[in-house]
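Data file: start.txt. Format and content: compact mmCIF, C-alpha atoms.
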# COMPACT_ATOMS: atom_id res chain seq x y z
CA ALA A 1 0.00 0.00 0.00
CA GLN A 2 1.13 3.52 -0.72
CA SER A 3 1.48 6.16 1.96
CA VAL A 4 2.84 9.62 2.65
CA THR A 5 4.45 11.01 5.76
CA GLN A 6 4.48 14.69 6.54
CA LEU A 7 7.27 15.72 8.86
CA GLY A 8 6.25 18.44 11.28
CA SER A 9 2.62 18.98 12.22
CA HIS A 10 3.29 22.70 12.72
CA VAL A 11 5.61 25.05 10.88
CA SER A 12 6.02 28.72 11.75
CA VAL A 13 7.75 31.28 9.55
CA SER A 14 8.00 35.04 9.38
CA GLU A 15 6.38 36.91 6.54
CA GLY A 16 8.85 37.01 3.65
CA ALA A 17 10.76 33.93 4.79
CA LEU A 18 11.16 30.67 2.90
CA VAL A 19 8.42 28.11 3.36
CA LEU A 20 9.45 24.43 3.38
CA LEU A 21 6.88 21.73 4.09
CA ARG A 22 8.17 18.18 4.01
CA CYS A 23 6.54 15.11 2.52
CA ASN A 24 8.01 11.65 2.03
CA TYR A 25 6.21 8.90 0.19
CA SER A 26 6.24 5.13 0.16
CA SER A 27 5.23 3.43 -3.04
CA SER A 28 6.09 0.26 -4.93
CA VAL A 29 5.15 1.84 -8.22
CA PRO A 30 5.86 5.28 -9.72
CA PRO A 31 3.70 7.55 -7.59
CA TYR A 32 1.34 10.33 -8.47
CA LEU A 33 1.69 12.99 -5.79
CA PHE A 34 -0.40 15.99 -4.81
CA TRP A 35 -0.31 18.95 -2.47
CA TYR A 36 -3.59 20.41 -1.24
CA VAL A 37 -4.24 23.44 0.96
CA GLN A 38 -7.14 23.79 3.39
CA TYR A 39 -8.12 27.20 4.74
CA PRO A 40 -10.21 27.35 7.91
CA ASN A 41 -13.73 26.03 7.43
CA GLN A 42 -13.14 25.35 3.75
CA GLY A 43 -12.59 22.33 1.58
CA LEU A 44 -9.28 21.30 0.10
CA GLN A 45 -7.84 23.14 -2.87
CA LEU A 46 -5.24 21.67 -5.19
CA LEU A 47 -1.90 23.47 -5.14
CA LEU A 48 -0.02 21.23 -7.54
CA LYS A 49 0.44 17.64 -8.68
CA TYR A 50 3.21 15.42 -9.98
CA THR A 51 2.26 12.96 -12.71
CA SER A 52 5.69 11.75 -13.86
CA ALA A 53 6.44 14.57 -16.27
CA ALA A 54 8.78 17.30 -15.01
CA THR A 55 10.24 16.64 -11.57
CA LEU A 56 9.90 20.30 -10.59
CA VAL A 57 6.24 21.16 -10.43
CA LYS A 58 4.96 24.71 -10.19
CA GLY A 59 1.62 25.37 -8.62
CA ILE A 60 -0.67 28.19 -7.66
CA ASN A 61 0.10 31.03 -5.26
CA GLY A 62 3.84 30.81 -5.89
CA PHE A 63 4.29 27.29 -4.52
CA GLU A 64 6.39 24.59 -6.12
CA ALA A 65 7.50 21.07 -5.27
CA GLU A 66 10.30 18.85 -6.47
CA PHE A 67 9.96 15.10 -6.91
CA LYS A 68 13.13 13.33 -5.78
CA LYS A 69 12.99 9.60 -6.34
CA SER A 70 16.32 8.95 -4.62
CA GLU A 71 15.00 10.57 -1.44
CA THR A 72 11.36 9.45 -1.88
CA SER A 73 10.42 13.06 -1.21
CA PHE A 74 8.05 15.66 -2.59
CA HIS A 75 8.66 18.74 -0.46
CA LEU A 76 6.63 21.91 -0.95
CA THR A 77 8.39 25.27 -1.06
CA LYS A 78 7.66 28.95 -1.50
CA PRO A 79 10.43 31.55 -1.59
CA SER A 80 8.56 34.24 0.37
CA ALA A 81 5.69 33.60 2.76
CA HIS A 82 2.61 35.81 2.89
CA MET A 83 0.15 36.13 5.73
CA ARG A 84 -2.52 34.65 3.47
CA ASP A 85 -0.52 31.41 3.22
CA ALA A 86 -1.48 30.50 6.77
CA ALA A 87 -3.46 27.26 6.40
CA GLU A 88 -3.27 23.48 6.67
CA TYR A 89 -1.31 21.72 3.94
CA PHE A 90 -1.80 18.09 2.95
CA CYS A 91 0.42 15.88 0.86
CA ALA A 92 -1.31 12.98 -0.87
CA VAL A 93 -0.53 10.03 -3.11
CA SER A 94 -2.96 8.55 -5.58
CA GLU A 95 -3.66 4.84 -5.18
CA THR A 96 -6.14 3.07 -7.43
CA HIS A 97 -8.15 6.25 -7.98
CA LYS A 98 -8.29 7.37 -4.36
CA LEU A 99 -6.10 9.84 -2.54
CA ILE A 100 -4.13 8.74 0.49
CA PHE A 101 -3.46 11.83 2.58
CA GLY A 102 -0.83 12.63 5.13
CA THR A 103 -1.75 14.01 8.52
CA GLY A 104 -1.20 17.60 7.46
CA THR A 105 1.10 20.48 8.38
CA ARG A 106 -0.28 23.66 9.82
CA LEU A 107 1.61 26.70 8.54
CA GLN A 108 1.65 29.82 10.68
CA VAL A 109 2.99 33.06 9.26
CA PHE A 110 4.05 35.82 11.64
CA PRO A 111 4.32 39.48 10.63
CA GLU B 1 -18.41 27.72 -12.72
CA ALA B 2 -19.92 26.57 -9.46
CA GLY B 3 -17.82 24.32 -7.29
CA VAL B 4 -18.85 21.28 -5.30
CA VAL B 5 -21.82 22.15 -3.13
CA GLN B 6 -22.49 20.48 0.20
CA SER B 7 -25.23 20.89 2.75
CA PRO B 8 -25.65 21.37 5.57
CA ARG B 9 -22.37 23.00 6.56
CA TYR B 10 -22.81 22.13 10.21
CA LYS B 11 -24.90 19.52 12.00
CA ILE B 12 -25.24 18.74 15.68
CA ILE B 13 -27.17 15.65 16.71
CA GLU B 14 -27.63 13.34 19.67
CA LYS B 15 -26.10 9.89 19.44
CA LYS B 16 -28.33 7.21 17.96
CA GLN B 17 -30.06 9.79 15.77
CA PRO B 18 -29.93 9.58 11.98
CA VAL B 19 -28.22 12.20 9.84
CA ALA B 20 -27.86 12.81 6.12
CA PHE B 21 -25.43 14.86 4.06
CA TRP B 22 -26.00 16.07 0.52
CA CYS B 23 -23.51 16.78 -2.23
CA ASN B 24 -23.87 18.26 -5.69
CA PRO B 25 -20.69 17.80 -7.73
CA ILE B 26 -19.34 20.05 -10.43
CA SER B 27 -21.50 19.78 -13.53
CA GLY B 28 -20.26 17.10 -15.89
CA HIS B 29 -18.03 15.37 -13.36
CA ASN B 30 -18.46 11.62 -13.57
CA THR B 31 -16.67 10.58 -10.41
CA LEU B 32 -17.83 11.49 -6.93
CA TYR B 33 -16.06 10.79 -3.64
CA TRP B 34 -17.04 10.95 0.00
CA TYR B 35 -14.21 11.41 2.48
CA ARG B 36 -14.21 11.64 6.27
CA GLN B 37 -11.72 13.93 7.99
CA ASN B 38 -11.21 13.38 11.70
CA LEU B 39 -9.80 16.18 13.81
CA GLY B 40 -6.11 16.65 13.16
CA GLN B 41 -6.02 14.09 10.38
CA GLY B 42 -6.09 13.98 6.63
CA PRO B 43 -9.26 12.93 4.79
CA GLU B 44 -9.93 9.22 4.32
CA LEU B 45 -12.03 7.82 1.50
CA LEU B 46 -15.39 6.32 2.41
CA ILE B 47 -16.84 5.64 -1.02
CA ARG B 48 -16.20 6.42 -4.68
CA TYR B 49 -18.81 6.55 -7.42
CA GLU B 50 -18.26 6.38 -11.14
CA ASN B 51 -21.53 7.68 -12.55
CA GLU B 52 -24.23 5.79 -10.62
CA GLU B 53 -22.04 2.86 -9.60
CA ALA B 54 -20.27 2.61 -6.27
CA VAL B 55 -16.93 1.23 -7.45
CA ASP B 56 -15.08 1.41 -4.13
CA ASP B 57 -16.97 1.23 -0.84
CA SER B 58 -14.47 -0.92 1.00
CA GLN B 59 -13.94 1.70 3.73
CA LEU B 60 -17.62 2.47 4.28
CA PRO B 61 -18.93 1.07 7.61
CA LYS B 62 -21.91 -0.62 6.07
CA ASP B 63 -23.65 -1.44 9.32
CA ARG B 64 -24.56 2.19 9.84
CA PHE B 65 -23.49 4.14 6.76
CA SER B 66 -25.22 4.19 3.40
CA ALA B 67 -24.85 6.28 0.30
CA GLU B 68 -26.57 6.76 -3.00
CA ARG B 69 -25.99 8.64 -6.20
CA LEU B 70 -29.19 8.52 -8.15
CA LYS B 71 -28.99 9.48 -11.84
CA GLY B 72 -25.24 9.87 -11.49
CA VAL B 73 -25.40 13.47 -10.33
CA ASP B 74 -25.90 14.48 -6.71
CA SER B 75 -25.32 12.16 -3.81
CA THR B 76 -26.48 11.57 -0.26
CA LEU B 77 -24.50 10.02 2.57
CA LYS B 78 -26.47 8.76 5.56
CA ILE B 79 -25.55 7.58 9.03
CA GLN B 80 -28.07 5.66 11.09
CA PRO B 81 -27.66 5.51 14.00
CA ALA B 82 -24.88 8.00 14.66
CA GLU B 83 -22.23 7.27 17.28
CA LEU B 84 -19.95 9.64 19.19
CA GLY B 85 -17.01 8.52 17.07
CA ASP B 86 -18.72 9.72 13.91
CA SER B 87 -17.99 13.34 14.81
CA ALA B 88 -15.86 14.57 11.91
CA VAL B 89 -15.94 16.66 8.76
CA TYR B 90 -17.50 14.86 5.80
CA LEU B 91 -16.05 16.03 2.52
CA CYS B 92 -17.44 15.47 -0.94
CA ALA B 93 -15.21 15.70 -4.00
CA SER B 94 -15.67 15.22 -7.70
CA SER B 95 -13.47 14.70 -10.71
CA LEU B 96 -14.16 14.92 -14.40
CA LEU B 97 -13.03 11.55 -15.64
CA ALA B 98 -13.91 8.05 -14.55
CA GLY B 99 -11.00 5.81 -13.75
CA ALA B 100 -8.26 8.42 -14.14
CA THR B 101 -5.68 8.15 -11.39
CA THR B 102 -4.18 11.59 -11.96
CA ASP B 103 -7.39 13.51 -12.46
CA THR B 104 -7.76 16.45 -10.08
CA GLN B 105 -10.31 16.02 -7.33
CA TYR B 106 -12.27 19.16 -6.45
CA PHE B 107 -13.50 19.34 -2.89
CA GLY B 108 -16.56 20.92 -1.36
CA PRO B 109 -16.45 22.87 1.92
CA GLY B 110 -17.55 19.86 3.94
CA THR B 111 -20.18 19.17 6.59
CA ARG B 112 -18.96 19.34 10.17
CA LEU B 113 -20.85 16.75 12.21
CA THR B 114 -20.91 16.84 15.99
CA VAL B 115 -22.50 13.89 17.79
CA LEU B 116 -23.38 14.56 21.44
Write out the structure in this file as structure tokens.
Amino acid sequence: AQSVTQLGSHVSVSEGALVLLRCNYSSSVPPYLFWYVQYPNQGLQLLLKYTSAATLVKGINGFEAEFKKSETSFHLTKPSAHMRDAAEYFCAVSETHKLIFGTGTRLQVFP
Amino acid sequence: EAGVVQSPRYKIIEKKQPVAFWCNPISGHNTLYWYRQNLGQGPELLIRYENEEAVDDSQLPKDRFSAERLKGVDSTLKIQPAELGDSAVYLCASSLLAGATTDTQYFGPGTRLTVL
């Protein structure tokens, strides 16, 4: 079975600082990987997805993620955090048409 | 274009009572999903429909949960009777294609259920 592990349930950064949210996957087949964001009292919104094309994937709101097979990682980054980036972020892997989510990382952004 | 619509947004019930959640997917989307998100966790799939057919209900607790997607459009998820452990956010999602592993799933805002 495929799975993802998100390291760090909470991450705090200052506005303008680099955002790095970590995700490692476990899969016996080439994985399809996703990052979703969840704002308070809202559903999940897709940030970006990796589907075996380019290893560096650019998403919405200035986020990007790099697929590294050797490290089984798919970390999410953003060069400069904004206050509006404060939310819960979920990494997910697609397995037989369903998404397997990690436990989430809550990002706090301080002024 | 309207997104995935869910109602109600919040529901508080006593244990052993029934409850139902409704979802209207994005127009034209063939695949519909129900997920449950427990506090502090990621969503977990309960059931997946392709058109009218429930193609994956392996994680649905069938003794108390039921779902239907009549005419392959909107869907209802029911719990009867509800237990304290059912308190969670119930998310509906839809995707355009049937059977496409990489197709983007679009999520509704969810229904937050509290069982007292």
For chain B, list the residues within 8 Å of chain A, counting only C-alpha atoms, and write the list as number ranges by chain.
-> B: 40-45, 48, 91, 99-102, 104-110
Between atom CA of A:Val29 and atom CA of A:Thr55, measure the distance and give it in Å to one decimal.
->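 If I compute the distance from atom CA of A:Val29 to atom CA of A:Thr55, I get 16.0 Å.
With only C-alpha atoms as the basis for measurement, A:Ser73 is the residue among A:Glu15, A:Glu64, A:Ala54, A:Ser73 that approaches A:Ser3 most closely.
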Around (-2.7, 35.0, 5.7), as given in the file, which residues come within 10 Å? Count all atoms listed in the file and list them as a PDB file with C-alpha atoms, in the coordinates of the input.
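Listed below is the output, selection24.pdb:
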ATOM      1  CA  GLU A  15       6.380  36.910   6.540  1.00  0.00           C
ATOM      2  CA  TYR A  39      -8.120  27.200   4.740  1.00  0.00           C
ATOM      3  CA  ALA A  81       5.690  33.600   2.760  1.00  0.00           C
ATOM      4  CA  HIS A  82       2.610  35.810   2.890  1.00  0.00           C
ATOM      5  CA  MET A  83       0.150  36.130   5.730  1.00  0.00           C
ATOM      6  CA  ARG A  84      -2.520  34.650   3.470  1.00  0.00           C
ATOM      7  CA  ASP A  85      -0.520  31.410   3.220  1.00  0.00           C
ATOM      8  CA  ALA A  86      -1.480  30.500   6.770  1.00  0.00           C
ATOM      9  CA  ALA A  87      -3.460  27.260   6.400  1.00  0.00           C
ATOM     10  CA  LEU A 107       1.610  26.700   8.540  1.00  0.00           C
ATOM     11  CA  GLN A 108       1.650  29.820  10.680  1.00  0.00           C
ATOM     12  CA  VAL A 109       2.990  33.060   9.260  1.00  0.00           C
ATOM     13  CA  PHE A 110       4.050  35.820  11.640  1.00  0.00           C
ATOM     14  CA  PRO A 111       4.320  39.480  10.630  1.00  0.00           C
TER      15      PRO A 111
END
Protein, DNA and RNA residues within 12 Å of (-29.6, 14.1, 18.7), all atoms listed in the file, as a PDB file with C-alpha atoms, in the coordinates of the input:
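And here is the file that came out, out-v9.pdb:
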ATOM      1  CA  LYS B  11     -24.900  19.520  12.000  1.00  0.00           C
ATOM      2  CA  ILE B  12     -25.240  18.740  15.680  1.00  0.00           C
ATOM      3  CA  ILE B  13     -27.170  15.650  16.710  1.00  0.00           C
ATOM      4  CA  GLU B  14     -27.630  13.340  19.670  1.00  0.00           C
ATOM      5  CA  LYS B  15     -26.100   9.890  19.440  1.00  0.00           C
ATOM      6  CA  LYS B  16     -28.330   7.210  17.960  1.00  0.00           C
ATOM      7  CA  GLN B  17     -30.060   9.790  15.770  1.00  0.00           C
ATOM      8  CA  PRO B  18     -29.930   9.580  11.980  1.00  0.00           C
ATOM      9  CA  VAL B  19     -28.220  12.200   9.840  1.00  0.00           C
ATOM     10  CA  GLN B  80     -28.070   5.660  11.090  1.00  0.00           C
ATOM     11  CA  PRO B  81     -27.660   5.510  14.000  1.00  0.00           C
ATOM     12  CA  ALA B  82     -24.880   8.000  14.660  1.00  0.00           C
ATOM     13  CA  GLU B  83     -22.230   7.270  17.280  1.00  0.00           C
ATOM     14  CA  LEU B  84     -19.950   9.640  19.190  1.00  0.00           C
ATOM     15  CA  LEU B 113     -20.850  16.750  12.210  1.00  0.00           C
ATOM     16  CA  THR B 114     -20.910  16.840  15.990  1.00  0.00           C
ATOM     17  CA  VAL B 115     -22.500  13.890  17.790  1.00  0.00           C
ATOM     18  CA  LEU B 116     -23.380  14.560  21.440  1.00  0.00           C
TER      19      LEU B 116
END
Close residues, A:Cys23 itself excluded, 8 Å, all atoms listed in the file, min 2 positions apart in chain, as an MDAnalysis selection string = chainID A and resid 4:7 21 25 73:76 91
Could you state the separation of atom CA of B:Glu50 and atom CA of B:Glu68 in Å, given to one decimal place?
->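 Spanning atom CA of B:Glu50 to atom CA of B:Glu68 is a straight-line distance of 11.6 Å.
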One-decimal distance in Å that lies between atom CA of B:Pro25 and atom CA of B:Val55 | 17.0 Å
Within 10 Å of B:Ala2, counting only C-alpha atoms, which residues show up once you throw out same-chain ones fewer than 3 positions away? Write them as JSON, numbers by chain, please.
-> {"B": [5, 24, 25, 26, 27]}
